[in-house]
Amino acid sequence: MFFQIACAALVLCACGGGSQPSVQGFDDVVASRRSIRDYDASRSISQEEVMELIKCAQEAPSWANQQPSKYYVAMTPEKVAAVKELVGDGNKRNTAGAPVMIVSTYIKGRSGFFRSNPANEIGDGWGAYDNGLSNAYFILKARERGFDTLIMGMRDSDALRNLFAIPDDECIMAVISLGYRASDPNRPDRKSVNEVVKFF
């Protein structure tokens, strides 16, 4: 009898039959990620937790391992409020409860270049590509940790550059809000796979 009870307990543990696992599978992370526009203002995120996300973003591939992405993290109430003033009225409302705001940049003239010359017609577009890859790693790791994000392209880049003393050789790409969702948004429909792929 003891042996049967022990076996049943092991099966329940293996299937997650009691508590929710602390680490989700990749498919669950992707399926549950949303662009969140309603944050729980009562919940905070630590600098150590943000550093964990940045370290994951550093694992993203980049052109010739240039690693051009940089992150400027606003965590004090004053800096967070200042960034929210620079993303437009709609995004300011959307991120009202987010405790962290992050400016994502990339160093120009690195990705997509060989001996200081563009390697192909895309040129510095490769820097934006690499930054997008890093940001994707960041937001997926954030979701795995139970956090939520919104990537914003509407922003006052000149004012952000002044606010964080961002060097001129960096291109300001996006602002990312980081926090905990206060509600679950609907999942927008995706195109069918057949609309976006061709096999030869």
# chains A, B, ... in the order shown; residues from 1 in each chain; ligands from 1
>>> residues_around(residues="segment 94-98 of chain A", least_positions_apart="2", cutoff="7 Å", atoms="only C-alpha atoms", output="number ranges by chain")
A: 37-41, 90-92, 100, 177-179
>>> select_by_dssp(residues="chain A", states="helix (DSSP H, G or I)", output="mmCIF file with N, CA and C atoms, in the first residue's frame")
data_model
loop_
_atom_site.group_PDB
_atom_site.id
_atom_site.type_symbol
_atom_site.label_atom_id
_atom_site.label_comp_id
_atom_site.auth_asym_id
_atom_site.auth_seq_id
_atom_site.Cartn_x
_atom_site.Cartn_y
_atom_site.Cartn_z
ATOM 1 N N PHE A 2 1.929 1.259 0.847
ATOM 2 C CA PHE A 2 2.811 2.424 0.904
ATOM 3 C C PHE A 2 3.438 2.687 -0.453
ATOM 4 N N PHE A 3 3.854 1.592 -1.127
ATOM 5 C CA PHE A 3 4.478 1.723 -2.438
ATOM 6 C C PHE A 3 3.514 2.363 -3.442
ATOM 7 N N GLN A 4 2.242 1.990 -3.403
ATOM 8 C CA GLN A 4 1.247 2.553 -4.326
ATOM 9 C C GLN A 4 1.008 4.037 -4.060
ATOM 10 N N ILE A 5 0.956 4.400 -2.776
ATOM 11 C CA ILE A 5 0.764 5.820 -2.427
ATOM 12 C C ILE A 5 1.950 6.651 -2.890
ATOM 13 N N ALA A 6 3.159 6.103 -2.672
ATOM 14 C CA ALA A 6 4.369 6.823 -3.093
ATOM 15 C C ALA A 6 4.394 7.015 -4.601
ATOM 16 N N CYS A 7 4.016 5.979 -5.347
ATOM 17 C CA CYS A 7 3.975 6.086 -6.817
ATOM 18 C C CYS A 7 2.960 7.127 -7.269
ATOM 19 N N ALA A 8 1.799 7.145 -6.637
ATOM 20 C CA ALA A 8 0.766 8.125 -6.992
ATOM 21 C C ALA A 8 1.254 9.539 -6.736
ATOM 22 N N ALA A 9 1.969 9.740 -5.624
ATOM 23 C CA ALA A 9 2.493 11.071 -5.305
ATOM 24 C C ALA A 9 3.502 11.518 -6.344
ATOM 25 N N LEU A 10 4.362 10.596 -6.778
ATOM 26 C CA LEU A 10 5.360 10.940 -7.801
ATOM 27 C C LEU A 10 4.704 11.327 -9.116
ATOM 28 N N VAL A 11 3.655 10.613 -9.495
ATOM 29 C CA VAL A 11 2.947 10.923 -10.737
ATOM 30 C C VAL A 11 2.321 12.308 -10.666
ATOM 31 N N LEU A 12 1.711 12.642 -9.525
ATOM 32 C CA LEU A 12 1.100 13.962 -9.363
ATOM 33 C C LEU A 12 2.134 15.065 -9.456
ATOM 34 N N CYS A 13 3.289 14.857 -8.826
ATOM 35 C CA CYS A 13 4.348 15.866 -8.877
ATOM 36 C C CYS A 13 4.847 16.049 -10.303
ATOM 37 N N ALA A 14 5.024 14.945 -11.019
ATOM 38 C CA ALA A 14 5.535 15.014 -12.390
ATOM 39 C C ALA A 14 4.570 15.737 -13.308
ATOM 40 N N PHE A 26 8.224 26.745 -23.179
ATOM 41 C CA PHE A 26 8.358 27.834 -24.149
ATOM 42 C C PHE A 26 7.032 28.134 -24.847
ATOM 43 N N ASP A 27 6.289 27.099 -25.221
ATOM 44 C CA ASP A 27 5.003 27.315 -25.888
ATOM 45 C C ASP A 27 4.038 28.087 -24.994
ATOM 46 N N ASP A 28 4.073 27.813 -23.694
ATOM 47 C CA ASP A 28 3.207 28.537 -22.755
ATOM 48 C C ASP A 28 3.615 30.002 -22.645
ATOM 49 N N VAL A 29 4.917 30.235 -22.637
ATOM 50 C CA VAL A 29 5.411 31.616 -22.574
ATOM 51 C C VAL A 29 4.927 32.398 -23.791
ATOM 52 N N VAL A 30 5.097 31.820 -24.971
ATOM 53 C CA VAL A 30 4.696 32.500 -26.211
ATOM 54 C C VAL A 30 3.184 32.707 -26.246
ATOM 55 N N ALA A 31 2.430 31.681 -25.850
ATOM 56 C CA ALA A 31 0.971 31.752 -25.920
ATOM 57 C C ALA A 31 0.396 32.768 -24.941
ATOM 58 N N SER A 32 1.057 32.979 -23.804
ATOM 59 C CA SER A 32 0.506 33.874 -22.781
ATOM 60 C C SER A 32 1.020 35.309 -22.889
ATOM 61 N N GLN A 47 15.638 45.716 -9.162
ATOM 62 C CA GLN A 47 16.746 45.896 -10.110
ATOM 63 C C GLN A 47 17.362 44.545 -10.467
ATOM 64 N N GLU A 48 17.446 43.639 -9.496
ATOM 65 C CA GLU A 48 18.001 42.315 -9.759
ATOM 66 C C GLU A 48 17.150 41.557 -10.773
ATOM 67 N N GLU A 49 15.844 41.709 -10.687
ATOM 68 C CA GLU A 49 14.960 41.034 -11.638
ATOM 69 C C GLU A 49 15.113 41.612 -13.034
ATOM 70 N N VAL A 50 15.274 42.917 -13.136
ATOM 71 C CA VAL A 50 15.505 43.534 -14.450
ATOM 72 C C VAL A 50 16.844 43.073 -15.018
ATOM 73 N N MET A 51 17.856 42.977 -14.159
ATOM 74 C CA MET A 51 19.167 42.517 -14.621
ATOM 75 C C MET A 51 19.079 41.106 -15.196
ATOM 76 N N GLU A 52 18.256 40.268 -14.608
ATOM 77 C CA GLU A 52 18.072 38.909 -15.130
ATOM 78 C C GLU A 52 17.529 38.942 -16.556
ATOM 79 N N LEU A 53 16.604 39.859 -16.820
ATOM 80 C CA LEU A 53 16.031 39.977 -18.166
ATOM 81 C C LEU A 53 17.061 40.508 -19.150
ATOM 82 N N ILE A 54 17.865 41.487 -18.713
ATOM 83 C CA ILE A 54 18.893 42.049 -19.588
ATOM 84 C C ILE A 54 19.932 40.985 -19.931
ATOM 85 N N LYS A 55 20.311 40.178 -18.954
ATOM 86 C CA LYS A 55 21.283 39.108 -19.211
ATOM 87 C C LYS A 55 20.750 38.129 -20.245
ATOM 88 N N CYS A 56 19.455 37.849 -20.186
ATOM 89 C CA CYS A 56 18.861 36.977 -21.190
ATOM 90 C C CYS A 56 18.894 37.652 -22.567
ATOM 91 N N ALA A 57 18.585 38.944 -22.610
ATOM 92 C CA ALA A 57 18.606 39.680 -23.886
ATOM 93 C C ALA A 57 19.994 39.639 -24.512
ATOM 94 N N TRP A 63 24.854 40.436 -35.479
ATOM 95 C CA TRP A 63 25.787 40.446 -36.613
ATOM 96 C C TRP A 63 27.222 40.389 -36.083
ATOM 97 N N ALA A 64 27.964 39.339 -36.470
ATOM 98 C CA ALA A 64 29.370 39.171 -36.076
ATOM 99 C C ALA A 64 29.561 39.343 -34.569
ATOM 100 N N ASN A 65 28.539 38.992 -33.810
ATOM 101 C CA ASN A 65 28.566 39.111 -32.350
ATOM 102 C C ASN A 65 28.889 40.535 -31.897
ATOM 103 N N PRO A 77 10.646 56.673 -9.220
ATOM 104 C CA PRO A 77 9.361 57.272 -9.637
ATOM 105 C C PRO A 77 9.524 58.487 -10.536
ATOM 106 N N GLU A 78 10.551 59.294 -10.263
ATOM 107 C CA GLU A 78 10.760 60.512 -11.056
ATOM 108 C C GLU A 78 11.141 60.178 -12.498
ATOM 109 N N LYS A 79 12.082 59.245 -12.676
ATOM 110 C CA LYS A 79 12.514 58.874 -14.024
ATOM 111 C C LYS A 79 11.403 58.149 -14.779
ATOM 112 N N VAL A 80 10.696 57.273 -14.087
ATOM 113 C CA VAL A 80 9.591 56.545 -14.728
ATOM 114 C C VAL A 80 8.540 57.524 -15.227
ATOM 115 N N ALA A 81 8.192 58.485 -14.379
ATOM 116 C CA ALA A 81 7.194 59.485 -14.774
ATOM 117 C C ALA A 81 7.688 60.324 -15.941
ATOM 118 N N ALA A 82 8.982 60.645 -15.946
ATOM 119 C CA ALA A 82 9.551 61.451 -17.031
ATOM 120 C C ALA A 82 9.474 60.711 -18.356
ATOM 121 N N VAL A 83 9.764 59.407 -18.346
ATOM 122 C CA VAL A 83 9.697 58.623 -19.585
ATOM 123 C C VAL A 83 8.255 58.535 -20.072
ATOM 124 N N LYS A 84 7.323 58.353 -19.154
ATOM 125 C CA LYS A 84 5.917 58.231 -19.542
ATOM 126 C C LYS A 84 5.383 59.508 -20.182
ATOM 127 N N GLY A 88 3.804 59.735 -25.688
ATOM 128 C CA GLY A 88 2.490 60.071 -26.231
ATOM 129 C C GLY A 88 1.391 59.831 -25.213
ATOM 130 N N ASP A 89 0.296 60.555 -25.368
ATOM 131 C CA ASP A 89 -0.794 60.487 -24.388
ATOM 132 C C ASP A 89 -1.392 59.093 -24.272
ATOM 133 N N GLY A 90 -1.579 58.404 -25.413
ATOM 134 C CA GLY A 90 -2.168 57.070 -25.380
ATOM 135 C C GLY A 90 -1.296 56.092 -24.614
ATOM 136 N N ASN A 91 -0.002 56.081 -24.911
ATOM 137 C CA ASN A 91 0.897 55.173 -24.217
ATOM 138 C C ASN A 91 1.096 55.574 -22.765
ATOM 139 N N LYS A 92 1.004 56.866 -22.472
ATOM 140 C CA LYS A 92 1.083 57.305 -21.078
ATOM 141 C C LYS A 92 -0.061 56.689 -20.278
ATOM 142 N N ARG A 93 -1.251 56.677 -20.845
ATOM 143 C CA ARG A 93 -2.394 56.032 -20.171
ATOM 144 C C ARG A 93 -2.187 54.523 -20.088
ATOM 145 N N ASN A 94 -1.713 53.945 -21.181
ATOM 146 C CA ASN A 94 -1.537 52.490 -21.224
ATOM 147 C C ASN A 94 -0.546 51.976 -20.183
ATOM 148 N N GLY A 125 20.215 48.931 -41.005
ATOM 149 C CA GLY A 125 19.003 48.202 -40.670
ATOM 150 C C GLY A 125 19.303 46.935 -39.888
ATOM 151 N N TRP A 126 20.516 46.404 -40.045
ATOM 152 C CA TRP A 126 20.902 45.219 -39.278
ATOM 153 C C TRP A 126 21.019 45.535 -37.798
ATOM 154 N N GLY A 127 21.354 46.775 -37.459
ATOM 155 C CA GLY A 127 21.391 47.165 -36.051
ATOM 156 C C GLY A 127 20.002 47.120 -35.446
ATOM 157 N N ALA A 128 19.019 47.616 -36.214
ATOM 158 C CA ALA A 128 17.628 47.557 -35.752
ATOM 159 C C ALA A 128 17.170 46.110 -35.641
ATOM 160 N N TYR A 129 17.589 45.277 -36.591
ATOM 161 C CA TYR A 129 17.251 43.856 -36.568
ATOM 162 C C TYR A 129 17.802 43.194 -35.309
ATOM 163 N N ASP A 130 19.086 43.442 -35.032
ATOM 164 C CA ASP A 130 19.712 42.857 -33.848
ATOM 165 C C ASP A 130 19.051 43.348 -32.565
ATOM 166 N N ASN A 131 18.696 44.632 -32.542
ATOM 167 C CA ASN A 131 18.028 45.173 -31.360
ATOM 168 C C ASN A 131 16.663 44.520 -31.167
ATOM 169 N N GLY A 132 15.973 44.258 -32.272
ATOM 170 C CA GLY A 132 14.688 43.580 -32.186
ATOM 171 C C GLY A 132 14.822 42.171 -31.636
ATOM 172 N N LEU A 133 15.882 41.471 -32.040
ATOM 173 C CA LEU A 133 16.123 40.138 -31.506
ATOM 174 C C LEU A 133 16.367 40.193 -29.997
ATOM 175 N N SER A 134 17.190 41.149 -29.569
ATOM 176 C CA SER A 134 17.458 41.300 -28.133
ATOM 177 C C SER A 134 16.178 41.622 -27.375
ATOM 178 N N ASN A 135 15.372 42.503 -27.941
ATOM 179 C CA ASN A 135 14.115 42.864 -27.279
ATOM 180 C C ASN A 135 13.165 41.664 -27.203
ATOM 181 N N ALA A 136 13.174 40.824 -28.233
ATOM 182 C CA ALA A 136 12.328 39.634 -28.211
ATOM 183 C C ALA A 136 12.750 38.700 -27.083
ATOM 184 N N TYR A 137 14.050 38.499 -26.929
ATOM 185 C CA TYR A 137 14.534 37.677 -25.818
ATOM 186 C C TYR A 137 14.100 38.302 -24.488
ATOM 187 N N PHE A 138 14.215 39.617 -24.402
ATOM 188 C CA PHE A 138 13.867 40.326 -23.164
ATOM 189 C C PHE A 138 12.402 40.105 -22.794
ATOM 190 N N ILE A 139 11.499 40.325 -23.746
ATOM 191 C CA ILE A 139 10.074 40.253 -23.395
ATOM 192 C C ILE A 139 9.619 38.818 -23.151
ATOM 193 N N LEU A 140 10.259 37.849 -23.826
ATOM 194 C CA LEU A 140 9.886 36.461 -23.579
ATOM 195 C C LEU A 140 10.398 35.991 -22.212
ATOM 196 N N LYS A 141 11.596 36.416 -21.846
ATOM 197 C CA LYS A 141 12.100 36.090 -20.515
ATOM 198 C C LYS A 141 11.232 36.770 -19.449
ATOM 199 N N ALA A 142 10.820 37.998 -19.730
ATOM 200 C CA ALA A 142 9.936 38.694 -18.795
ATOM 201 C C ALA A 142 8.657 37.907 -18.582
ATOM 202 N N ARG A 143 8.087 37.392 -19.650
ATOM 203 C CA ARG A 143 6.842 36.630 -19.525
ATOM 204 C C ARG A 143 7.075 35.343 -18.741
ATOM 205 N N GLU A 144 8.219 34.681 -19.000
ATOM 206 C CA GLU A 144 8.528 33.466 -18.260
ATOM 207 C C GLU A 144 8.590 33.741 -16.751
ATOM 208 N N SER A 157 12.378 60.907 -29.215
ATOM 209 C CA SER A 157 13.744 60.392 -29.109
ATOM 210 C C SER A 157 14.727 61.460 -28.632
ATOM 211 N N ASP A 158 14.550 62.701 -29.071
ATOM 212 C CA ASP A 158 15.470 63.765 -28.651
ATOM 213 C C ASP A 158 15.387 63.996 -27.145
ATOM 214 N N ALA A 159 14.166 64.032 -26.620
ATOM 215 C CA ALA A 159 13.993 64.248 -25.182
ATOM 216 C C ALA A 159 14.508 63.053 -24.387
ATOM 217 N N LEU A 160 14.302 61.848 -24.897
ATOM 218 C CA LEU A 160 14.830 60.665 -24.216
ATOM 219 C C LEU A 160 16.358 60.671 -24.220
ATOM 220 N N ARG A 161 16.934 61.109 -25.314
ATOM 221 C CA ARG A 161 18.397 61.181 -25.399
ATOM 222 C C ARG A 161 18.937 62.121 -24.322
ATOM 223 N N ASN A 162 18.272 63.257 -24.148
ATOM 224 C CA ASN A 162 18.692 64.211 -23.123
ATOM 225 C C ASN A 162 18.463 63.650 -21.719
ATOM 226 N N LEU A 163 17.337 62.988 -21.517
ATOM 227 C CA LEU A 163 16.979 62.477 -20.196
ATOM 228 C C LEU A 163 17.996 61.456 -19.686
ATOM 229 N N PHE A 164 18.504 60.603 -20.581
ATOM 230 C CA PHE A 164 19.423 59.543 -20.174
ATOM 231 C C PHE A 164 20.860 59.773 -20.636
ATOM 232 N N VAL A 193 -0.698 30.295 -41.280
ATOM 233 C CA VAL A 193 0.691 30.004 -41.643
ATOM 234 C C VAL A 193 0.867 30.038 -43.159
ATOM 235 N N ASN A 194 -0.141 29.584 -43.898
ATOM 236 C CA ASN A 194 -0.030 29.543 -45.360
ATOM 237 C C ASN A 194 0.111 30.929 -45.984
ATOM 238 N N GLU A 195 -0.301 31.981 -45.254
ATOM 239 C CA GLU A 195 -0.182 33.345 -45.769
ATOM 240 C C GLU A 195 1.229 33.901 -45.643
ATOM 241 N N VAL A 196 2.045 33.277 -44.795
ATOM 242 C CA VAL A 196 3.364 33.871 -44.525
ATOM 243 C C VAL A 196 4.538 32.977 -44.909
#
>>> atom_distance(atom1="atom CA of Ala182 of chain A", atom2="atom CA of Met152 of chain A")
18.7 Å
>>> closest_residue(among="A:Ala174, A:Pro188, A:Ser42, A:Phe200", to="Tyr72 of chain A", atoms="only C-alpha atoms")
A:Ala174
>>> atom_distance(atom1="atom CA of Arg34 of chain A", atom2="atom CA of Val103 of chain A")
19.1 Å
>>> atom_distance(atom1="atom CA of Val197 of chain A", atom2="atom CA of Ile122 of chain A")
22.0 Å
>>> select_by_dssp(residues="segment 101-187 of chain A", states="strand (DSSP E)", output="list of chain:residue names")
A:Met101, A:Ile102, A:Val103, A:Ser104, A:Thr105, A:Tyr106, A:Ile107, A:Phe113, A:Phe114, A:Asn117, A:Pro118, A:Asp148, A:Thr149, A:Leu150, A:Ile151, A:Met152, A:Glu170, A:Cys171, A:Ile172, A:Met173, A:Ala174, A:Val175, A:Ile176, A:Ser177, A:Leu178, A:Gly179
>>> write_last_selection(atoms="N, CA and C atoms", output="short mmCIF file (atom, residue, chain, number, x, y, z; two decimals), in the first residue's frame")
data_model
loop_
_atom_site.label_atom_id
_atom_site.label_comp_id
_atom_site.auth_asym_id
_atom_site.auth_seq_id
_atom_site.Cartn_x
_atom_site.Cartn_y
_atom_site.Cartn_z
N MET A 101 10.28 51.54 -16.84
CA MET A 101 10.27 51.95 -18.25
C MET A 101 11.69 51.84 -18.77
N ILE A 102 11.84 51.25 -19.95
CA ILE A 102 13.17 50.94 -20.48
C ILE A 102 13.29 51.50 -21.90
N VAL A 103 14.39 52.21 -22.14
CA VAL A 103 14.69 52.72 -23.48
C VAL A 103 15.70 51.79 -24.13
N SER A 104 15.37 51.29 -25.30
CA SER A 104 16.21 50.34 -26.02
C SER A 104 16.89 51.05 -27.19
N THR A 105 18.21 50.89 -27.30
CA THR A 105 18.97 51.53 -28.37
C THR A 105 19.92 50.51 -29.01
N TYR A 106 20.52 50.92 -30.13
CA TYR A 106 21.62 50.14 -30.68
C TYR A 106 22.71 51.09 -31.18
N ILE A 107 23.96 50.62 -31.12
CA ILE A 107 25.08 51.41 -31.59
C ILE A 107 25.10 51.39 -33.11
N PHE A 113 27.95 46.00 -41.05
CA PHE A 113 29.12 46.68 -41.62
C PHE A 113 30.34 45.77 -41.61
N PHE A 114 31.19 45.95 -42.62
CA PHE A 114 32.45 45.24 -42.72
C PHE A 114 33.53 46.25 -43.06
N ASN A 117 32.26 49.72 -43.79
CA ASN A 117 31.40 49.90 -44.95
C ASN A 117 30.19 48.97 -44.85
N PRO A 118 29.02 49.43 -45.34
CA PRO A 118 27.84 48.55 -45.32
C PRO A 118 28.12 47.26 -46.08
N ASP A 148 5.06 41.43 -17.52
CA ASP A 148 4.41 41.79 -18.78
C ASP A 148 5.05 43.04 -19.36
N THR A 149 4.88 43.21 -20.66
CA THR A 149 5.57 44.29 -21.36
C THR A 149 4.68 44.92 -22.44
N LEU A 150 5.11 46.10 -22.87
CA LEU A 150 4.55 46.76 -24.05
C LEU A 150 5.70 47.45 -24.75
N ILE A 151 5.91 47.12 -26.02
CA ILE A 151 6.94 47.78 -26.81
C ILE A 151 6.31 48.95 -27.56
N MET A 152 6.88 50.14 -27.36
CA MET A 152 6.30 51.36 -27.93
C MET A 152 7.26 52.03 -28.91
N GLU A 170 24.27 56.21 -30.81
CA GLU A 170 23.26 55.19 -30.56
C GLU A 170 21.92 55.64 -31.14
N CYS A 171 21.25 54.72 -31.81
CA CYS A 171 19.92 54.98 -32.36
C CYS A 171 18.88 54.52 -31.34
N ILE A 172 17.99 55.41 -30.96
CA ILE A 172 16.93 55.07 -30.02
C ILE A 172 15.82 54.36 -30.79
N MET A 173 15.55 53.10 -30.40
CA MET A 173 14.56 52.29 -31.10
C MET A 173 13.19 52.35 -30.44
N ALA A 174 13.11 51.81 -29.23
CA ALA A 174 11.80 51.62 -28.62
C ALA A 174 11.85 51.92 -27.13
N VAL A 175 10.67 52.13 -26.57
CA VAL A 175 10.50 52.18 -25.12
C VAL A 175 9.68 50.96 -24.73
N ILE A 176 10.12 50.25 -23.70
CA ILE A 176 9.44 49.05 -23.23
C ILE A 176 8.96 49.26 -21.81
N SER A 177 7.67 49.12 -21.59
CA SER A 177 7.16 49.15 -20.21
C SER A 177 7.25 47.74 -19.64
N LEU A 178 7.48 47.68 -18.32
CA LEU A 178 7.63 46.40 -17.64
C LEU A 178 6.85 46.43 -16.33
N GLY A 179 6.02 45.42 -16.12
CA GLY A 179 5.24 45.35 -14.89
C GLY A 179 4.42 44.08 -14.85
#
>>> decode(residues="segment 82-105 of chain A", atoms="N, CA and C atoms", output="tab-separated table (two decimals), in the first residue's frame")
chain	number	residue	atom	x	y	z
A	82	ALA	N	8.98	60.64	-15.95
A	82	ALA	CA	9.55	61.45	-17.03
A	82	ALA	C	9.47	60.71	-18.36
A	83	VAL	N	9.76	59.41	-18.35
A	83	VAL	CA	9.70	58.62	-19.58
A	83	VAL	C	8.25	58.54	-20.07
A	84	LYS	N	7.32	58.35	-19.15
A	84	LYS	CA	5.92	58.23	-19.54
A	84	LYS	C	5.38	59.51	-20.18
A	85	GLU	N	6.01	60.63	-19.88
A	85	GLU	CA	5.62	61.90	-20.52
A	85	GLU	C	6.08	61.97	-21.97
A	86	LEU	N	6.98	61.06	-22.36
A	86	LEU	CA	7.62	61.15	-23.67
A	86	LEU	C	7.19	60.06	-24.64
A	87	VAL	N	6.12	59.33	-24.32
A	87	VAL	CA	5.67	58.24	-25.20
A	87	VAL	C	4.28	58.50	-25.79
A	88	GLY	N	3.80	59.73	-25.69
A	88	GLY	CA	2.49	60.07	-26.23
A	88	GLY	C	1.39	59.83	-25.21
A	89	ASP	N	0.30	60.56	-25.37
A	89	ASP	CA	-0.79	60.49	-24.39
A	89	ASP	C	-1.39	59.09	-24.27
A	90	GLY	N	-1.58	58.40	-25.41
A	90	GLY	CA	-2.17	57.07	-25.38
A	90	GLY	C	-1.30	56.09	-24.61
A	91	ASN	N	0.00	56.08	-24.91
A	91	ASN	CA	0.90	55.17	-24.22
A	91	ASN	C	1.10	55.57	-22.76
A	92	LYS	N	1.00	56.87	-22.47
A	92	LYS	CA	1.08	57.30	-21.08
A	92	LYS	C	-0.06	56.69	-20.28
A	93	ARG	N	-1.25	56.68	-20.84
A	93	ARG	CA	-2.39	56.03	-20.17
A	93	ARG	C	-2.19	54.52	-20.09
A	94	ASN	N	-1.71	53.95	-21.18
A	94	ASN	CA	-1.54	52.49	-21.22
A	94	ASN	C	-0.55	51.98	-20.18
A	95	THR	N	0.46	52.80	-19.86
A	95	THR	CA	1.53	52.35	-18.97
A	95	THR	C	1.44	52.99	-17.59
A	96	ALA	N	0.29	53.56	-17.26
A	96	ALA	CA	0.15	54.32	-16.01
A	96	ALA	C	0.61	53.52	-14.78
A	97	GLY	N	0.33	52.23	-14.72
A	97	GLY	CA	0.68	51.44	-13.55
A	97	GLY	C	2.00	50.70	-13.64
A	98	ALA	N	2.71	50.83	-14.76
A	98	ALA	CA	3.96	50.09	-14.94
A	98	ALA	C	5.06	50.69	-14.07
A	99	PRO	N	5.76	49.88	-13.27
A	99	PRO	CA	6.79	50.40	-12.38
A	99	PRO	C	8.15	50.64	-13.03
A	100	VAL	N	8.36	50.10	-14.24
A	100	VAL	CA	9.66	50.21	-14.91
A	100	VAL	C	9.44	50.61	-16.37
A	101	MET	N	10.28	51.54	-16.84
A	101	MET	CA	10.27	51.95	-18.25
A	101	MET	C	11.69	51.84	-18.77
A	102	ILE	N	11.84	51.25	-19.95
A	102	ILE	CA	13.17	50.94	-20.48
A	102	ILE	C	13.29	51.50	-21.90
A	103	VAL	N	14.39	52.21	-22.14
A	103	VAL	CA	14.69	52.72	-23.48
A	103	VAL	C	15.70	51.79	-24.13
A	104	SER	N	15.37	51.29	-25.30
A	104	SER	CA	16.21	50.34	-26.02
A	104	SER	C	16.89	51.05	-27.19
A	105	THR	N	18.21	50.89	-27.30
A	105	THR	CA	18.97	51.53	-28.37
A	105	THR	C	19.92	50.51	-29.01
